[in-house]
Structures are given as structure tokens and as C-alpha cells.
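Everything below concerns the one structure shown next.
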Amino acid sequence: MKNPVCCTHQALLLIVLVLMCAFSLVHPGLAIAAPVAKQNSQVPGYYRLALGDFEVTALYDGFNLINNKLLKGASADTIQSAQARQFLDATNGVQTAVNAFLINTGEHLVLVDSGAGKCLTNNLGNVQRDIEAAGYTLEQVDTLLLTHLHPDHACGVLDAKGERAFPNATLMLNKAEADYWLNPELLAKAPADKQARLKMIAASAAPYKAAGKLKLFTDGSELMPGVKDMALYGHTPGHSGFMFTSKGHKLLVWGDVVHSHSIQFAHPQVAIDFDSDAKQAIATRKHIFAEATAEKFLVAGAHLPFPGIGHVRKKGTGFAWVPIEFSPLPKP
């Protein structure tokens with residue numbers, strides 16, 4: 001004989017299961033489900049804005065970590081206090097963006113700096129992907145402007161095979177920069193620990209030179225309508241900035257005038273170990289900060305927080321960084 005209590009429990013369980021199934025059919029979004037998996041990838045890094053008739057697309061190549069020991073010209077306490085105000089943890093080095101900029105002038109598609117390509121860490125090397133994600137192709141780029149020839153700016157002009165990644169582009173360099181870094185005597189005289197880096201630099205320009213696609217310019221040259229070179233020497237012997245002007249609107253792409261936004265705006269006298277001439281780099285930074293503040297033009301930096309575009313303003317005895325806000329493009 002069956003236990004009536006057991007039968008009653010079984011009947012109730014069956015009723016509950018039937019009701020749960022019926023409820024899930026009516027309200028499928030409220031049904032019990034497994035935890036949703038996290039998505040561990042970021043979106044391609046590009047951001048677009050208008051500059052008069054020009055279109056500017058910032059491209060995020062990735063990031064480096066900068067150790068405070070590389071910063072010269074301020075006490076450890078001053079550096080740490082400035083970073084704390086920005087909520088930055090410098091224990092393992094401060095994350096510093098590597099940016100490039102794609103400018104469509106209407107007549108030319110210009111890439112300023114190209115990221116690290118395959119030369120450095122896996123944290124870098126995304127500029128070519130970002131160009132395509134932004135709706136362009138590498139074949140459409142007709143001009144490559146490099147602020148200088150350090151690998152995190154120059155290696156991205158190559159593909160994975162070490163050939164020209166931008167087959168229809170002319171690579172343009174300040175003559176002083178090319179004369180220094182592409183001089184075979186520099187490599188021959190360099191110590192062993194410097195040679196790998198110098199070979200990367202020489203390799204970035206080599207296929208463009210072989211194809212007759214390397215063009216040198218001198219200080220202050222007008223490179224094309226609305227685009228002018230600005231000598232910003234110090235970080236490297238021929239370090240350049242590029243002023244883009246359209247309908248009275250100006251944007252200076254200034255390369256490596258700043259490596260640490262949390263330190264060097266407030267304390268422009270702070271140099272970084274990578275500077276070839278620290279004294280000149282400091283003088284250049286102070287001069288261009290003052291000019292950008294007075295004229296209120298936009299600036300774009302390779303190592304400013306992405307998208308790396310904004311204004312400089314005076315603050316106390318130093319300066320401050322004012323980034324642009326995310327905004328839609330104007331309607332045509």
C-alpha cells in the first residue's frame with residue numbers, strides 16, 4: 001500500500017514543475033538561466049571629430065607602462081603627489097596611451113604616426129586594424145607623416161612581412177630626423193644594446209625609400225594645402241609637429257611633446273629619459289604650451305589619454321590639460 005504522504009509530496013512537486021515550465025513559456029526572459037559570460041575584449045579604438053572641412057580620426061594603437069624613474073626634473077614626492085591627484089597607481093608603471101591620427105582633408109588621406117606595428121609588446125600594434133574599423137582601407141592612405149622615428153611611431157608603416165603596409169602612400173620625414181636616424185654610421189657606432197632598436201627604425205623607412213616613396217621636408221614647410229610642419233625639436237633631433245588648418249580651425253598634432261599628462265602639464269620642466277636633448281625638449285614644451293594657451297587651438301598628442309585631443313590652459317605656475325568631450329559629428 002502506497003504511503004499517502006509520499007504521494008501527496010510527489011503530486012505537489014509535479015504541480016510546481018508544471019507551473020514553472022508554464023511560467024517560463026509565458027515569461028521566457030525571467031526563466032532561470034546560467035550566468036552570462038563576460039566579454040573580455042575592448043572595441044576598436046577610434047574617435048572622429050570635424051575640424052572645419054577636415055575630418056580627424058584618432059586611432060588607439062595600445063599602451064605602454066612608464067616607470068617614474070624615467071621622469072627627470074622633479075622630486076619623487078612631487079611626482080607621486082601629482083599622480084595621486086589623478087588617481088593613478090604607479091606601482092607597476094603608469095599606463096600611457098599610444099595614439100595616431102588619420103586626417104581626411106578632402107584631397108588627401110593623411111596618417112600622422114603609425115603606432116608600433118610588430119616591433120614592441122602585444123599591448124601595441126592596433127592602428128592598421130583601427131583604420132579599417134573606422135571605415136577606411138590602408139590602400140586609401142596617400143600620405144604618412146611621422147613626427148619622429150621612434151618605433152612606437154614608425155613601425156606601424158610596415159605589414160607583418162616587413163613590407164609597406166600602405167602601398168599608395170608617400171612617407172614624409174623632417175630632413176633632420178632622417179639624417180640622424182637613417183645614417184648608417186649611427187648603427188655602426190652604436191653599442192650592442194642599442195642596435196636592435198636602431199635596426200627597427202631603419203627598417204621602417206627602408207621599403208618606402210626603395211620604392212621611391214620617401215620624401216624629406218625642412219622646417220616650416222607647407223606639406224599640402226592646410227598642413228604645415230612645425231619644428232618641435234628636443235625629444236629627437238628632428239621631432240616635428242603638424243598644424244592642420246581648415247576654415248579657421250586649427251589642430252596641432254604634436255607627437256611626443258608630452259609623455260605624462262599627470263606630471264608634465266603642471267610641471268613642464270620634467271623631462272623623460274627618452275629625450276635626446278632634455279634641455280631643448282623642455283624649452284619646446286614650455287613654448288608650445290604657451291602658444292596653445294594663447295591661441296586656443298586644439299592639440300593632439302601621441303601619449304595623451306585617448307583620444308588624445310583637447311586644449312591646454314594656464315593653471316598656477318604651470319598648465320592643465322582639457323580633453324575634448326565625446327560628441328556627434330555635425331550633420332552634412
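Each chain of the C-alpha cells is named A, B, ... in the order shown, its residues numbered from 1; ligands are numbered from 1 in display order.
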Next on the checklist: According to DSSP computed on the backbone, where in range 156-292 of chain A is there alpha helix (DSSP H)? Give the residues as a PyMOL selection string.
Outcome noted: chain A and resi 175-181+184-189+192-210+261-264+278-292
Checklist entry - What lies within 10 Å of range 249-254 of chain A using only C-alpha atoms, ignoring chain neighbours under 2 positions off, as an NGL selection string? => result :A and (50-54 or 56 or 100-101 or 112-113 or 147 or 226-232 or 239-247 or 256-258 or 285 or 288 or 292 or 295-303 or 308-311)
Checklist entry - With only C-alpha atoms as the basis for distance, which of A:Ala283, A:Met172, A:Glu163, A:Leu187 is at the shortest distance from Ala206 in chain A? => result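 Smallest distance to Ala206 in chain A is found for A:Glu163.
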Which polymer residues have any atom within 8 Å of an atom of Leu70 in chain A, counting only C-alpha atoms, with same-chain residues fewer than 5 positions away left out, as a PDB file with N, CA and C atoms, in the first residue's frame?
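part_23.pdb was written with the following content:
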```pdb
ATOM      1  N   ILE A 272      61.854  63.364 -19.841  1.00  0.00           N
ATOM      2  CA  ILE A 272      61.796  61.908 -19.765  1.00  0.00           C
ATOM      3  C   ILE A 272      63.083  61.341 -20.336  1.00  0.00           C
ATOM      4  N   ASP A 273      63.457  60.198 -19.864  1.00  0.00           N
ATOM      5  CA  ASP A 273      64.738  59.601 -20.215  1.00  0.00           C
ATOM      6  C   ASP A 273      64.898  59.378 -21.719  1.00  0.00           C
ATOM      7  N   PHE A 274      63.777  59.299 -22.438  1.00  0.00           N
ATOM      8  CA  PHE A 274      63.835  59.052 -23.890  1.00  0.00           C
ATOM      9  C   PHE A 274      64.237  60.289 -24.683  1.00  0.00           C
TER      10      PHE A 274
END
```
Per-residue nearest contacts of range 47-120 of chain A to range 150-160 of chain A (12 Å; only C-alpha atoms) as CSV:
```
residue,atom,partner,partner_atom,distance
A:Tyr60,CA,A:Asp152,CA,11.8
A:Asp61,CA,A:Asp152,CA,8.9
A:Gly62,CA,A:Asp152,CA,9.8
A:Phe63,CA,A:Asp152,CA,9.8
A:Asn64,CA,A:Asp152,CA,9.4
A:Thr96,CA,A:Asp152,CA,11.9
A:Ala97,CA,A:Asp152,CA,10.6
A:Val98,CA,A:Asp152,CA,7.4
A:Asn99,CA,A:His153,CA,8.6
A:Ala100,CA,A:His153,CA,7.9
A:Phe101,CA,A:His153,CA,11.0
A:Leu111,CA,A:Val157,CA,9.6
A:Val112,CA,A:His153,CA,8.7
A:Asp113,CA,A:His153,CA,5.0
A:Ser114,CA,A:Gly156,CA,4.5
A:Gly115,CA,A:His153,CA,4.6
A:Ala116,CA,A:Asp152,CA,3.9
A:Gly117,CA,A:Gly156,CA,3.8
A:Lys118,CA,A:Ala160,CA,6.9
A:Cys119,CA,A:Cys155,CA,6.2
A:Leu120,CA,A:Asp152,CA,7.4
```
Let's have the selection written as a PDB file, in the first residue's frame, with C-alpha atoms.
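This went into part.pdb:
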```pdb
ATOM      1  CA  TYR A  60      44.355  53.918 -30.393  1.00  0.00           C
ATOM      2  CA  ASP A  61      47.409  51.737 -31.007  1.00  0.00           C
ATOM      3  CA  GLY A  62      47.573  50.499 -27.396  1.00  0.00           C
ATOM      4  CA  PHE A  63      49.538  51.423 -24.306  1.00  0.00           C
ATOM      5  CA  ASN A  64      52.940  51.443 -22.643  1.00  0.00           C
ATOM      6  CA  THR A  96      50.349  55.743 -21.186  1.00  0.00           C
ATOM      7  CA  ALA A  97      48.416  55.656 -24.449  1.00  0.00           C
ATOM      8  CA  VAL A  98      49.978  55.399 -27.894  1.00  0.00           C
ATOM      9  CA  ASN A  99      47.814  57.275 -30.408  1.00  0.00           C
ATOM     10  CA  ALA A 100      47.923  58.030 -34.122  1.00  0.00           C
ATOM     11  CA  PHE A 101      45.707  60.365 -36.158  1.00  0.00           C
ATOM     12  CA  LEU A 111      48.112  59.276 -41.313  1.00  0.00           C
ATOM     13  CA  VAL A 112      50.177  61.046 -38.653  1.00  0.00           C
ATOM     14  CA  ASP A 113      52.295  58.432 -36.864  1.00  0.00           C
ATOM     15  CA  SER A 114      51.523  54.768 -37.267  1.00  0.00           C
ATOM     16  CA  GLY A 115      51.876  53.037 -33.921  1.00  0.00           C
ATOM     17  CA  ALA A 116      54.301  50.260 -33.054  1.00  0.00           C
ATOM     18  CA  GLY A 117      53.262  47.615 -35.566  1.00  0.00           C
ATOM     19  CA  LYS A 118      55.014  44.359 -34.676  1.00  0.00           C
ATOM     20  CA  CYS A 119      58.102  45.969 -33.138  1.00  0.00           C
ATOM     21  CA  LEU A 120      57.220  46.162 -29.455  1.00  0.00           C
TER      22      LEU A 120
END
```
Checklist entry - Please, which residues of range 138-328 of chain A, numbered as in this document, come out strand (DSSP E) from DSSP, as a count of residues only? => result 50
Next on the checklist: Can you pull out the residues contacting Ala278 in chain A? Cut-off 7 Å, using only C-alpha atoms, and skip same-chain residues under 3 positions away; I want them as a ChimeraX atom specification.
Outcome noted: /A:234-235,271,275,281-282
Please save N, CA and C atoms of the selected residues as an mmCIF file, in the first residue's frame.
```cif
data_model
loop_
_atom_site.group_PDB
_atom_site.id
_atom_site.type_symbol
_atom_site.label_atom_id
_atom_site.label_comp_id
_atom_site.auth_asym_id
_atom_site.auth_seq_id
_atom_site.Cartn_x
_atom_site.Cartn_y
_atom_site.Cartn_z
ATOM 1 N N GLY A 234 63.924 68.395 -29.723
ATOM 2 C CA GLY A 234 64.307 68.107 -28.352
ATOM 3 C C GLY A 234 64.122 66.642 -28.020
ATOM 4 N N HIS A 235 62.908 66.153 -28.206
ATOM 5 C CA HIS A 235 62.684 64.731 -27.933
ATOM 6 C C HIS A 235 63.557 63.888 -28.853
ATOM 7 N N ALA A 271 61.515 66.294 -17.696
ATOM 8 C CA ALA A 271 61.872 65.604 -18.937
ATOM 9 C C ALA A 271 61.701 64.102 -18.748
ATOM 10 N N ASP A 275 64.215 61.468 -24.071
ATOM 11 C CA ASP A 275 64.567 62.698 -24.790
ATOM 12 C C ASP A 275 66.035 62.678 -25.198
ATOM 13 N N ALA A 281 63.993 69.826 -25.237
ATOM 14 C CA ALA A 281 62.630 69.291 -25.129
ATOM 15 C C ALA A 281 61.804 70.097 -24.135
ATOM 16 N N ILE A 282 62.409 70.485 -23.012
ATOM 17 C CA ILE A 282 61.707 71.289 -22.009
ATOM 18 C C ILE A 282 61.368 72.662 -22.571
#
```
Next on the checklist: Using only C-alpha atoms for the distances, tell me which of A:Gln264, A:Thr236, A:Thr170, A:Gln195 is nearest to Pro207 in chain A.
Outcome noted: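 The shortest atom-to-atom distance to Pro207 in chain A comes from A:Thr170.
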Item to check | Nearest to Ala82 in chain A, chosen from A:Ser327, A:Asn174, A:Asn183, A:Asn68, with only C-alpha atoms counted in the distances | outcome: A:Asn68
Item to check | Option closest in space to Glu107 in chain A, from A:Pro35, A:Asp219, A:Met224, A:Pro268 [counting only C-alpha atoms] | outcome: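 Ranking A:Pro35, A:Asp219, A:Met224, A:Pro268 by distance to Glu107 in chain A, first place goes to A:Met224.
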Checklist entry - Given the choices A:Val141, A:Arg197, A:Gly73, A:Ser81, which gets closest to Lys279 in chain A if the distance is worked out from only C-alpha atoms? => result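 Among the listed residues, the smallest separation from Lys279 in chain A belongs to A:Gly73.
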Checklist entry - So, counting only C-alpha atoms, which residue among A:Asp130, A:Ala203, A:Ser260, A:Lys213 is closest to Gln83 in chain A? => result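 Among the listed residues, the smallest separation from Gln83 in chain A belongs to A:Ser260.
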Next on the checklist: Would you compute the distance between CA of Ser276 in chain A and CA of Leu171 in chain A? Give it in Å to one decimal.
Outcome noted: 22.9 Å
Checklist entry - Can you list, as a list in words, every protein, DNA or RNA residue that comes within 10 Å of Ala90 in chain A when you count only C-alpha atoms, leaving out same-chain residues fewer than 4 positions away? => result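 Once the nearby chain positions are removed, what remains is Leu65, Ile66, Asn67, Asn68, Ile79, Gln80, Gln83, Ala84, Val94 and Gln95 of chain A.
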Would you mind exporting C-alpha atoms of the selected residues as a compact mmCIF listing (two decimals), in the first residue's frame?
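Output file part_30.txt follows:
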```txt
# COMPACT_ATOMS: atom_id res chain seq x y z
CA LEU A 65 53.76 51.49 -18.95
CA ILE A 66 56.05 54.35 -17.87
CA ASN A 67 58.11 53.94 -14.72
CA ASN A 68 58.53 57.05 -12.58
CA ILE A 79 55.63 63.22 -8.97
CA GLN A 80 53.72 60.91 -6.65
CA GLN A 83 49.75 61.19 -9.84
CA ALA A 84 47.66 60.75 -6.70
CA VAL A 94 51.62 54.35 -15.27
CA GLN A 95 49.60 53.38 -18.33
```
